[in-house]
Structures are given as structure tokens and as C-alpha cells.
Amino acid sequence: MGHAERVWLLLIGLTLAGAWFAETGHAGWPLTLLVAGLIAVKGRMVIDHYMEMTRANAHIRHVLYAFATLVPLLVIFTHGWGDLLRRLTTLN
Amino acid sequence: MGNMSMPYAESIAVPEDHDFRSRGRVPGNNGIWVGIFCVLVEFLLLFIVYFVAKAHHPEAFESGPDKLVTLAGVTITMLLLTSGYCMVKAVESIRRDASVTAFRWIALAFLLGCGYPLVKYFEIRWNIAHGIDGETGIFYTVYYYLTLNHLVHVFWGLLGLGWVALRTSRGSYSSRDYSGLEAAAVYWHTTDVIWLVIFPFFYVLR
């Protein structure tokens, strides 16, 4: 089995794990952290191994890494500091 | 999994003329990256809409995923990841000048990718049959807004795959020049990365 096959299998496995949590998980920190982790790990796997970013132009790589890092952080922020986000985005 | 830390690119030979070591290699071409950055910014803004809506209506976002068909989301994820894998193999094949093999991988990637709109069609039909449309509630409004927007980008990706399949079948790419094929591949992988965010937002997270 080659490298691409191992990456694909791991991505499929993580997707099935996410599906299991979709059916059994309840709102709370464990599910939030798990989802943030899955987005970060799976995103980085596609970026590094499918898009071959580890050897790519540094500017491109940094933008993609920033995207795959920022979104999970926003997931955590929205869960932990939702009240603050609501206040910041209320017009009156 | 012993080789997992080794980047895919290091496992195969990349032609020297495509390896701009001083600045780092640009997969595909510069133009496709302008488009990809625009797509990333667009979806980052849409994700902020999701976060703001979730902060204002936490109850709607906690119960919303229960009414959606998780199997549809999982199937789309698997189709996209497997289609993306096929494009990895297509790029690997053209680097070996195996254009017939590359064409077969692209064709398979295209067919798997076409499964996405098909699944989405049945999912939306099921949703509407169960009274879930864009006006059912804020969660479903954001769900339709984001997923249909992503579907539009998948259509662009499928058009790209169809085009490079045609070009590959005509022998237009080789190990010396395959930037067009690789550009379509990186765009296709970008739709993967974005879906890997959308899937947990609407089917897993509460």
C-alpha cells in the first residue's frame, strides 16, 4: 500500500469516526474540541498530502495552513465565548 | 503508517523544471491560486456568518443537525475524498508519462465527483418531503446557503476535471508539462478542504 492509499484510508476512517459522533454526540466541550481537531487534522492531511504543500511555495502554504488553523479556532471561540460574539455582532 | 510523516511529494520524482526551489514550488499555475485564494476568502466570510448565527441562536444549531440525514453528509465526504485521491494518482501517473492511466484516474475522479450533486439532489428532496426548506429556521437557512454555494464550486471543479480529462485523452500533458492538470487537481482538493469544514458544521457539531 502506497503513501496516498494510507492517507486516503486514514481520512475515510476519521470521517466515519466523525459520523459516529454525529449520531451519538451531545453539545458540549468534548464534541466541540473533537470537531475542531477533526477539521484541523483532516484539513492539514489534504493540504500536505493531496495538495503537496510541504514542498510548495511558502506564501501559498502559509495561507492554506492559516485557513486550516483559523477555522477550528473559531469553532472553539464560538462555543466558549458565544456570548461575547453575540454582543459584538448585535447592532442595537 | 510508518511512512505517514513523509510528504507525498517526496515519494515520487518531481521534474526539475517544475521545482522552483528558490521560492518554493507553485503547484499548477499562478492563476489557479488567485482563484483558490478568492474561494478561501469567500468561504471564510460564509463561515463567519455561520458562527455569528450560531452565537445568536445556539438552540437552533444544537437541534438542527438531528433532522438532517447524516448518511448524505458522510457519503458526500467519502465521494470527495476518494475523488481527490484519484486526482493524486492522476498527477502521479502523468509524472511517469503514463497518460492513459492518468486519463482513467481523472475519469474516475470525475464520476465520483458527479456523485456529489446526485446525493445532494436526493438529500434536498428528502429534506423538502420532511418539511425542511430554507425558511424552516435559521440553522437550515445557513445550511442551504453554505452547502448550495459549495455545490456551485464543485460544479466549477467538475468542469475543470472534464476539461483536463479531454486534454489528457488527447495527449496534451506529459511529465514535462502538466500544470493544467495539476491546477485542476489543486482546485478540486480545495473543494475537499472546504467540505471538510462544512460537513461537521451541519451534521456533527451541536
# chains A, B, ... in the order shown; residues from 1 in each chain; ligands from 1
>>> residues_around(residues="Glu123 in chain B", least_positions_apart="3", cutoff="12 Å", atoms="only C-alpha atoms", output="list in words")
Lys67, Leu68, Val69, Thr70, Leu71, Ala72, Gly73, Val74, Thr75, Ile76, Tyr116, Pro117, Leu118, Val119, Lys120, Trp126, Asn127, Ile128, Ala129, His130, Ile132, Asp133, Tyr144, Thr147 and Leu148 of chain B
>>> residues_around(residues="range 45-55 of chain A", least_positions_apart="5", cutoff="8 Å", atoms="only C-alpha atoms", output="PDB file with N, CA, C and O atoms, in the first residue's frame")
ATOM      1  N   ALA A   4      -0.231   7.481  -0.676  1.00  0.00           N
ATOM      2  CA  ALA A   4      -1.531   8.104  -0.977  1.00  0.00           C
ATOM      3  C   ALA A   4      -2.676   7.229  -0.474  1.00  0.00           C
ATOM      4  O   ALA A   4      -3.685   7.746   0.028  1.00  0.00           O
ATOM      5  N   VAL A   7      -2.995   7.623   3.335  1.00  0.00           N
ATOM      6  CA  VAL A   7      -3.617   8.907   3.670  1.00  0.00           C
ATOM      7  C   VAL A   7      -5.124   8.838   3.427  1.00  0.00           C
ATOM      8  O   VAL A   7      -5.936   9.275   4.262  1.00  0.00           O
ATOM      9  N   LEU A  11      -8.134   9.260   6.172  1.00  0.00           N
ATOM     10  CA  LEU A  11      -9.174  10.284   6.011  1.00  0.00           C
ATOM     11  C   LEU A  11     -10.565   9.667   6.076  1.00  0.00           C
ATOM     12  O   LEU A  11     -11.474  10.209   6.710  1.00  0.00           O
ATOM     13  N   ILE A  60       1.888  30.373  -0.396  1.00  0.00           N
ATOM     14  CA  ILE A  60       0.682  29.564  -0.614  1.00  0.00           C
ATOM     15  C   ILE A  60       0.453  28.650   0.584  1.00  0.00           C
ATOM     16  O   ILE A  60      -0.660  28.528   1.103  1.00  0.00           O
ATOM     17  N   ARG A  61       1.533  27.995   1.018  1.00  0.00           N
ATOM     18  CA  ARG A  61       1.425  27.053   2.144  1.00  0.00           C
ATOM     19  C   ARG A  61       0.898  27.758   3.393  1.00  0.00           C
ATOM     20  O   ARG A  61       0.006  27.253   4.078  1.00  0.00           O
ATOM     21  N   LEU A  64      -2.881  28.490   3.271  1.00  0.00           N
ATOM     22  CA  LEU A  64      -3.695  27.284   3.487  1.00  0.00           C
ATOM     23  C   LEU A  64      -3.618  26.821   4.940  1.00  0.00           C
ATOM     24  O   LEU A  64      -4.621  26.419   5.527  1.00  0.00           O
ATOM     25  N   TYR A  65      -2.413  26.885   5.515  1.00  0.00           N
ATOM     26  CA  TYR A  65      -2.268  26.496   6.924  1.00  0.00           C
ATOM     27  C   TYR A  65      -3.071  27.433   7.818  1.00  0.00           C
ATOM     28  O   TYR A  65      -3.703  26.994   8.793  1.00  0.00           O
TER      29      TYR A  65
ATOM     30  N   PRO B   7       6.096  13.461   3.230  1.00  0.00           N
ATOM     31  CA  PRO B   7       5.185  14.129   2.314  1.00  0.00           C
ATOM     32  C   PRO B   7       5.021  13.310   1.049  1.00  0.00           C
ATOM     33  O   PRO B   7       5.970  12.689   0.577  1.00  0.00           O
ATOM     34  N   TYR B   8       3.814  13.346   0.500  1.00  0.00           N
ATOM     35  CA  TYR B   8       3.532  12.588  -0.716  1.00  0.00           C
ATOM     36  C   TYR B   8       4.496  12.987  -1.820  1.00  0.00           C
ATOM     37  O   TYR B   8       4.984  12.153  -2.568  1.00  0.00           O
ATOM     38  N   ALA B   9       4.786  14.308  -1.905  1.00  0.00           N
ATOM     39  CA  ALA B   9       5.635  14.803  -2.990  1.00  0.00           C
ATOM     40  C   ALA B   9       7.023  14.176  -2.958  1.00  0.00           C
ATOM     41  O   ALA B   9       7.679  14.040  -3.989  1.00  0.00           O
ATOM     42  N   GLY B  24      10.025  28.076  -3.672  1.00  0.00           N
ATOM     43  CA  GLY B  24       9.087  27.015  -3.358  1.00  0.00           C
ATOM     44  C   GLY B  24       8.240  26.762  -4.591  1.00  0.00           C
ATOM     45  O   GLY B  24       7.936  27.675  -5.367  1.00  0.00           O
ATOM     46  N   ARG B  25       7.846  25.560  -4.767  1.00  0.00           N
ATOM     47  CA  ARG B  25       7.126  25.159  -5.974  1.00  0.00           C
ATOM     48  C   ARG B  25       5.689  25.681  -5.963  1.00  0.00           C
ATOM     49  O   ARG B  25       5.050  25.716  -4.919  1.00  0.00           O
ATOM     50  N   PRO B  27       2.269  24.594  -7.236  1.00  0.00           N
ATOM     51  CA  PRO B  27       1.534  23.504  -7.900  1.00  0.00           C
ATOM     52  C   PRO B  27       0.512  24.079  -8.879  1.00  0.00           C
ATOM     53  O   PRO B  27      -0.212  25.010  -8.543  1.00  0.00           O
ATOM     54  N   GLY B  84     -10.667  12.967  -4.747  1.00  0.00           N
ATOM     55  CA  GLY B  84      -9.401  13.671  -4.565  1.00  0.00           C
ATOM     56  C   GLY B  84      -8.214  12.724  -4.640  1.00  0.00           C
ATOM     57  O   GLY B  84      -7.181  13.037  -5.243  1.00  0.00           O
ATOM     58  N   TYR B  85      -8.368  11.551  -4.039  1.00  0.00           N
ATOM     59  CA  TYR B  85      -7.313  10.526  -4.104  1.00  0.00           C
ATOM     60  C   TYR B  85      -7.030  10.153  -5.563  1.00  0.00           C
ATOM     61  O   TYR B  85      -5.872  10.005  -5.969  1.00  0.00           O
ATOM     62  N   VAL B  88      -4.854  12.652  -7.113  1.00  0.00           N
ATOM     63  CA  VAL B  88      -3.459  12.468  -6.680  1.00  0.00           C
ATOM     64  C   VAL B  88      -2.793  11.421  -7.576  1.00  0.00           C
ATOM     65  O   VAL B  88      -1.667  11.590  -8.048  1.00  0.00           O
ATOM     66  N   ALA B 185      -6.388  19.739 -10.316  1.00  0.00           N
ATOM     67  CA  ALA B 185      -6.299  18.874  -9.126  1.00  0.00           C
ATOM     68  C   ALA B 185      -6.289  19.707  -7.841  1.00  0.00           C
ATOM     69  O   ALA B 185      -7.022  19.392  -6.899  1.00  0.00           O
ATOM     70  N   VAL B 186      -5.481  20.775  -7.799  1.00  0.00           N
ATOM     71  CA  VAL B 186      -5.407  21.553  -6.543  1.00  0.00           C
ATOM     72  C   VAL B 186      -6.725  22.288  -6.276  1.00  0.00           C
ATOM     73  O   VAL B 186      -7.131  22.440  -5.122  1.00  0.00           O
ATOM     74  N   HIS B 189      -8.974  19.685  -4.825  1.00  0.00           N
ATOM     75  CA  HIS B 189      -8.614  19.422  -3.423  1.00  0.00           C
ATOM     76  C   HIS B 189      -9.094  20.560  -2.507  1.00  0.00           C
ATOM     77  O   HIS B 189      -9.433  20.329  -1.345  1.00  0.00           O
ATOM     78  N   ASP B 192     -12.436  19.951  -1.457  1.00  0.00           N
ATOM     79  CA  ASP B 192     -12.353  18.941  -0.378  1.00  0.00           C
ATOM     80  C   ASP B 192     -12.166  19.617   0.976  1.00  0.00           C
ATOM     81  O   ASP B 192     -12.887  19.337   1.933  1.00  0.00           O
ATOM     82  N   VAL B 193     -11.143  20.479   1.036  1.00  0.00           N
ATOM     83  CA  VAL B 193     -10.793  21.143   2.303  1.00  0.00           C
ATOM     84  C   VAL B 193     -11.998  21.908   2.843  1.00  0.00           C
ATOM     85  O   VAL B 193     -12.304  21.847   4.040  1.00  0.00           O
TER      86      VAL B 193
END
>>> residues_around(residues="Val75 in chain A", least_positions_apart="5", cutoff="8 Å", atoms="only C-alpha atoms", output="PDB file with all heavy atoms, in the first residue's frame")
ATOM      1  N   THR A  32     -17.146  19.776  20.746  1.00  0.00           N
ATOM      2  CA  THR A  32     -16.569  20.964  20.090  1.00  0.00           C
ATOM      3  C   THR A  32     -15.080  20.761  19.818  1.00  0.00           C
ATOM      4  O   THR A  32     -14.597  21.030  18.711  1.00  0.00           O
ATOM      5  CB  THR A  32     -16.765  22.205  20.991  1.00  0.00           C
ATOM      6  OG1 THR A  32     -18.163  22.377  21.231  1.00  0.00           O
ATOM      7  CG2 THR A  32     -16.198  23.448  20.334  1.00  0.00           C
ATOM      8  N   ALA A  36     -13.272  20.477  16.180  1.00  0.00           N
ATOM      9  CA  ALA A  36     -12.167  21.385  15.846  1.00  0.00           C
ATOM     10  C   ALA A  36     -10.924  20.579  15.463  1.00  0.00           C
ATOM     11  O   ALA A  36     -10.230  20.897  14.487  1.00  0.00           O
ATOM     12  CB  ALA A  36     -11.867  22.308  17.023  1.00  0.00           C
TER      13      ALA A  36
ATOM     14  N   PHE B  51     -20.884  31.235  12.231  1.00  0.00           N
ATOM     15  CA  PHE B  51     -20.519  31.420  13.646  1.00  0.00           C
ATOM     16  C   PHE B  51     -21.401  32.476  14.310  1.00  0.00           C
ATOM     17  O   PHE B  51     -21.843  32.293  15.453  1.00  0.00           O
ATOM     18  CB  PHE B  51     -19.043  31.818  13.771  1.00  0.00           C
ATOM     19  CG  PHE B  51     -18.092  30.713  13.426  1.00  0.00           C
ATOM     20  CD1 PHE B  51     -17.112  30.896  12.460  1.00  0.00           C
ATOM     21  CD2 PHE B  51     -18.161  29.481  14.059  1.00  0.00           C
ATOM     22  CE1 PHE B  51     -16.237  29.872  12.132  1.00  0.00           C
ATOM     23  CE2 PHE B  51     -17.289  28.450  13.742  1.00  0.00           C
ATOM     24  CZ  PHE B  51     -16.323  28.653  12.769  1.00  0.00           C
TER      25      PHE B  51
END
>>> interface_residues(of="chain A", to="chain B", cutoff="6 Å", atoms="only C-alpha atoms", output="PyMOL selection string")
chain A and resi 22+27+39+43+49+51-52+56-57+82+86
>>> atom_distance(atom1="CA of Gly28 in chain A", atom2="CA of Val142 in chain B")
21.1 Å
>>> decode(residues="range 44-60 of chain A", atoms="all heavy atoms", output="CSV table (one decimal), in the first residue's frame")
chain,number,residue,atom,x,y,z
A,44,ARG,N,-5.3,19.5,7.3
A,44,ARG,CA,-3.9,19.5,7.1
A,44,ARG,C,-3.5,18.3,6.3
A,44,ARG,O,-2.5,18.4,5.5
A,44,ARG,CB,-3.2,19.5,8.4
A,44,ARG,CG,-2.9,20.9,9.0
A,44,ARG,CD,-2.0,21.7,8.2
A,44,ARG,NE,-0.6,21.3,8.3
A,44,ARG,CZ,0.3,21.8,9.1
A,44,ARG,NH1,0.0,22.7,9.9
A,44,ARG,NH2,1.6,21.3,9.1
A,45,MET,N,-4.1,17.2,6.4
A,45,MET,CA,-3.8,16.0,5.7
A,45,MET,C,-4.0,16.2,4.2
A,45,MET,O,-3.2,15.9,3.3
A,45,MET,CB,-4.6,14.8,6.1
A,45,MET,CG,-4.1,14.2,7.5
A,45,MET,SD,-5.2,12.9,8.0
A,45,MET,CE,-4.7,11.6,6.9
A,46,VAL,N,-5.2,16.8,3.8
A,46,VAL,CA,-5.4,17.1,2.4
A,46,VAL,C,-4.4,18.1,1.9
A,46,VAL,O,-3.9,18.0,0.8
A,46,VAL,CB,-6.9,17.6,2.2
A,46,VAL,CG1,-7.1,18.1,0.8
A,46,VAL,CG2,-7.9,16.5,2.5
A,47,ILE,N,-4.2,19.2,2.7
A,47,ILE,CA,-3.3,20.2,2.2
A,47,ILE,C,-1.9,19.7,2.1
A,47,ILE,O,-1.2,20.0,1.1
A,47,ILE,CB,-3.3,21.4,3.3
A,47,ILE,CG1,-4.6,22.1,3.2
A,47,ILE,CG2,-2.1,22.3,3.0
A,47,ILE,CD1,-4.9,23.0,4.4
A,48,ASP,N,-1.4,18.9,3.0
A,48,ASP,CA,0.0,18.4,3.0
A,48,ASP,C,0.2,17.3,1.9
A,48,ASP,O,1.2,17.2,1.2
A,48,ASP,CB,0.4,17.9,4.3
A,48,ASP,CG,0.8,19.0,5.3
A,48,ASP,OD1,0.9,20.2,4.8
A,48,ASP,OD2,1.0,18.8,6.5
A,49,HIS,N,-0.7,16.3,2.0
A,49,HIS,CA,-0.5,15.1,1.2
A,49,HIS,C,-1.2,15.1,-0.2
A,49,HIS,O,-0.7,14.5,-1.1
A,49,HIS,CB,-0.9,13.9,2.0
A,49,HIS,CG,-0.2,13.8,3.3
A,49,HIS,ND1,1.1,13.5,3.4
A,49,HIS,CD2,-0.6,14.0,4.6
A,49,HIS,CE1,1.5,13.5,4.7
A,49,HIS,NE2,0.5,13.8,5.4
A,50,TYR,N,-2.4,15.6,-0.3
A,50,TYR,CA,-3.1,15.7,-1.6
A,50,TYR,C,-2.5,16.9,-2.4
A,50,TYR,O,-2.3,16.8,-3.6
A,50,TYR,CB,-4.6,15.8,-1.4
A,50,TYR,CG,-5.3,14.5,-1.2
A,50,TYR,CD1,-4.7,13.4,-0.8
A,50,TYR,CD2,-6.7,14.5,-1.3
A,50,TYR,CE1,-5.4,12.2,-0.5
A,50,TYR,CE2,-7.4,13.3,-1.1
A,50,TYR,CZ,-6.8,12.2,-0.7
A,50,TYR,OH,-7.5,11.0,-0.5
A,51,MET,N,-2.4,18.1,-1.7
A,51,MET,CA,-2.0,19.3,-2.4
A,51,MET,C,-0.5,19.5,-2.5
A,51,MET,O,0.0,20.4,-3.1
A,51,MET,CB,-2.7,20.5,-1.8
A,51,MET,CG,-4.2,20.4,-1.9
A,51,MET,SD,-5.1,21.8,-1.0
A,51,MET,CE,-5.2,23.0,-2.3
A,52,GLU,N,0.2,18.6,-1.7
A,52,GLU,CA,1.7,18.6,-1.7
A,52,GLU,C,2.2,19.9,-1.2
A,52,GLU,O,3.2,20.4,-1.8
A,52,GLU,CB,2.2,18.2,-3.1
A,52,GLU,CG,1.7,16.9,-3.6
A,52,GLU,CD,2.3,16.5,-4.9
A,52,GLU,OE1,2.8,17.4,-5.7
A,52,GLU,OE2,2.3,15.3,-5.3
A,53,MET,N,1.6,20.5,-0.2
A,53,MET,CA,2.1,21.8,0.3
A,53,MET,C,3.4,21.8,1.0
A,53,MET,O,4.0,22.9,1.2
A,53,MET,CB,0.9,22.4,1.1
A,53,MET,CG,-0.2,23.1,0.4
A,53,MET,SD,0.4,24.4,-0.7
A,53,MET,CE,-0.1,23.8,-2.2
A,54,THR,N,3.8,20.6,1.5
A,54,THR,CA,5.0,20.6,2.3
A,54,THR,C,6.2,21.1,1.5
A,54,THR,O,7.2,21.6,2.0
A,54,THR,CB,5.3,19.2,2.8
A,54,THR,OG1,5.2,18.3,1.8
A,54,THR,CG2,4.3,18.8,3.9
A,55,ARG,N,6.1,20.9,0.1
A,55,ARG,CA,7.2,21.4,-0.7
A,55,ARG,C,6.8,22.6,-1.6
A,55,ARG,O,7.6,23.0,-2.5
A,55,ARG,CB,7.7,20.2,-1.7
A,55,ARG,CG,8.5,19.2,-1.0
A,55,ARG,CD,9.0,18.2,-1.9
A,55,ARG,NE,9.7,18.8,-3.1
A,55,ARG,CZ,10.4,18.1,-4.0
A,55,ARG,NH1,10.5,16.8,-3.8
A,55,ARG,NH2,10.9,18.7,-5.0
A,56,ALA,N,5.7,23.1,-1.3
A,56,ALA,CA,5.2,24.2,-2.2
A,56,ALA,C,5.7,25.6,-1.7
A,56,ALA,O,6.3,25.7,-0.7
A,56,ALA,CB,3.7,24.2,-2.2
A,57,ASN,N,5.4,26.6,-2.6
A,57,ASN,CA,5.7,28.0,-2.3
A,57,ASN,C,5.2,28.3,-0.9
A,57,ASN,O,4.1,28.1,-0.5
A,57,ASN,CB,5.0,28.8,-3.3
A,57,ASN,CG,5.3,30.3,-3.1
A,57,ASN,OD1,4.7,30.9,-2.2
A,57,ASN,ND2,6.1,30.9,-4.0
A,58,ALA,N,6.1,29.0,-0.1
A,58,ALA,CA,5.8,29.2,1.3
A,58,ALA,C,4.6,30.1,1.5
A,58,ALA,O,3.8,29.9,2.4
A,58,ALA,CB,7.0,29.9,2.0
A,59,HIS,N,4.4,31.1,0.6
A,59,HIS,CA,3.2,32.0,0.8
A,59,HIS,C,1.9,31.2,0.6
A,59,HIS,O,1.0,31.4,1.4
A,59,HIS,CB,3.3,33.1,-0.3
A,59,HIS,CG,4.5,34.0,-0.2
A,59,HIS,ND1,4.8,34.7,1.0
A,59,HIS,CD2,5.5,34.3,-1.0
A,59,HIS,CE1,5.9,35.4,0.8
A,59,HIS,NE2,6.4,35.1,-0.4
A,60,ILE,N,1.9,30.4,-0.4
A,60,ILE,CA,0.7,29.6,-0.6
A,60,ILE,C,0.5,28.7,0.6
A,60,ILE,O,-0.7,28.5,1.1
A,60,ILE,CB,0.8,28.7,-1.9
A,60,ILE,CG1,0.9,29.6,-3.1
A,60,ILE,CG2,-0.3,27.7,-2.0
A,60,ILE,CD1,1.2,28.9,-4.4
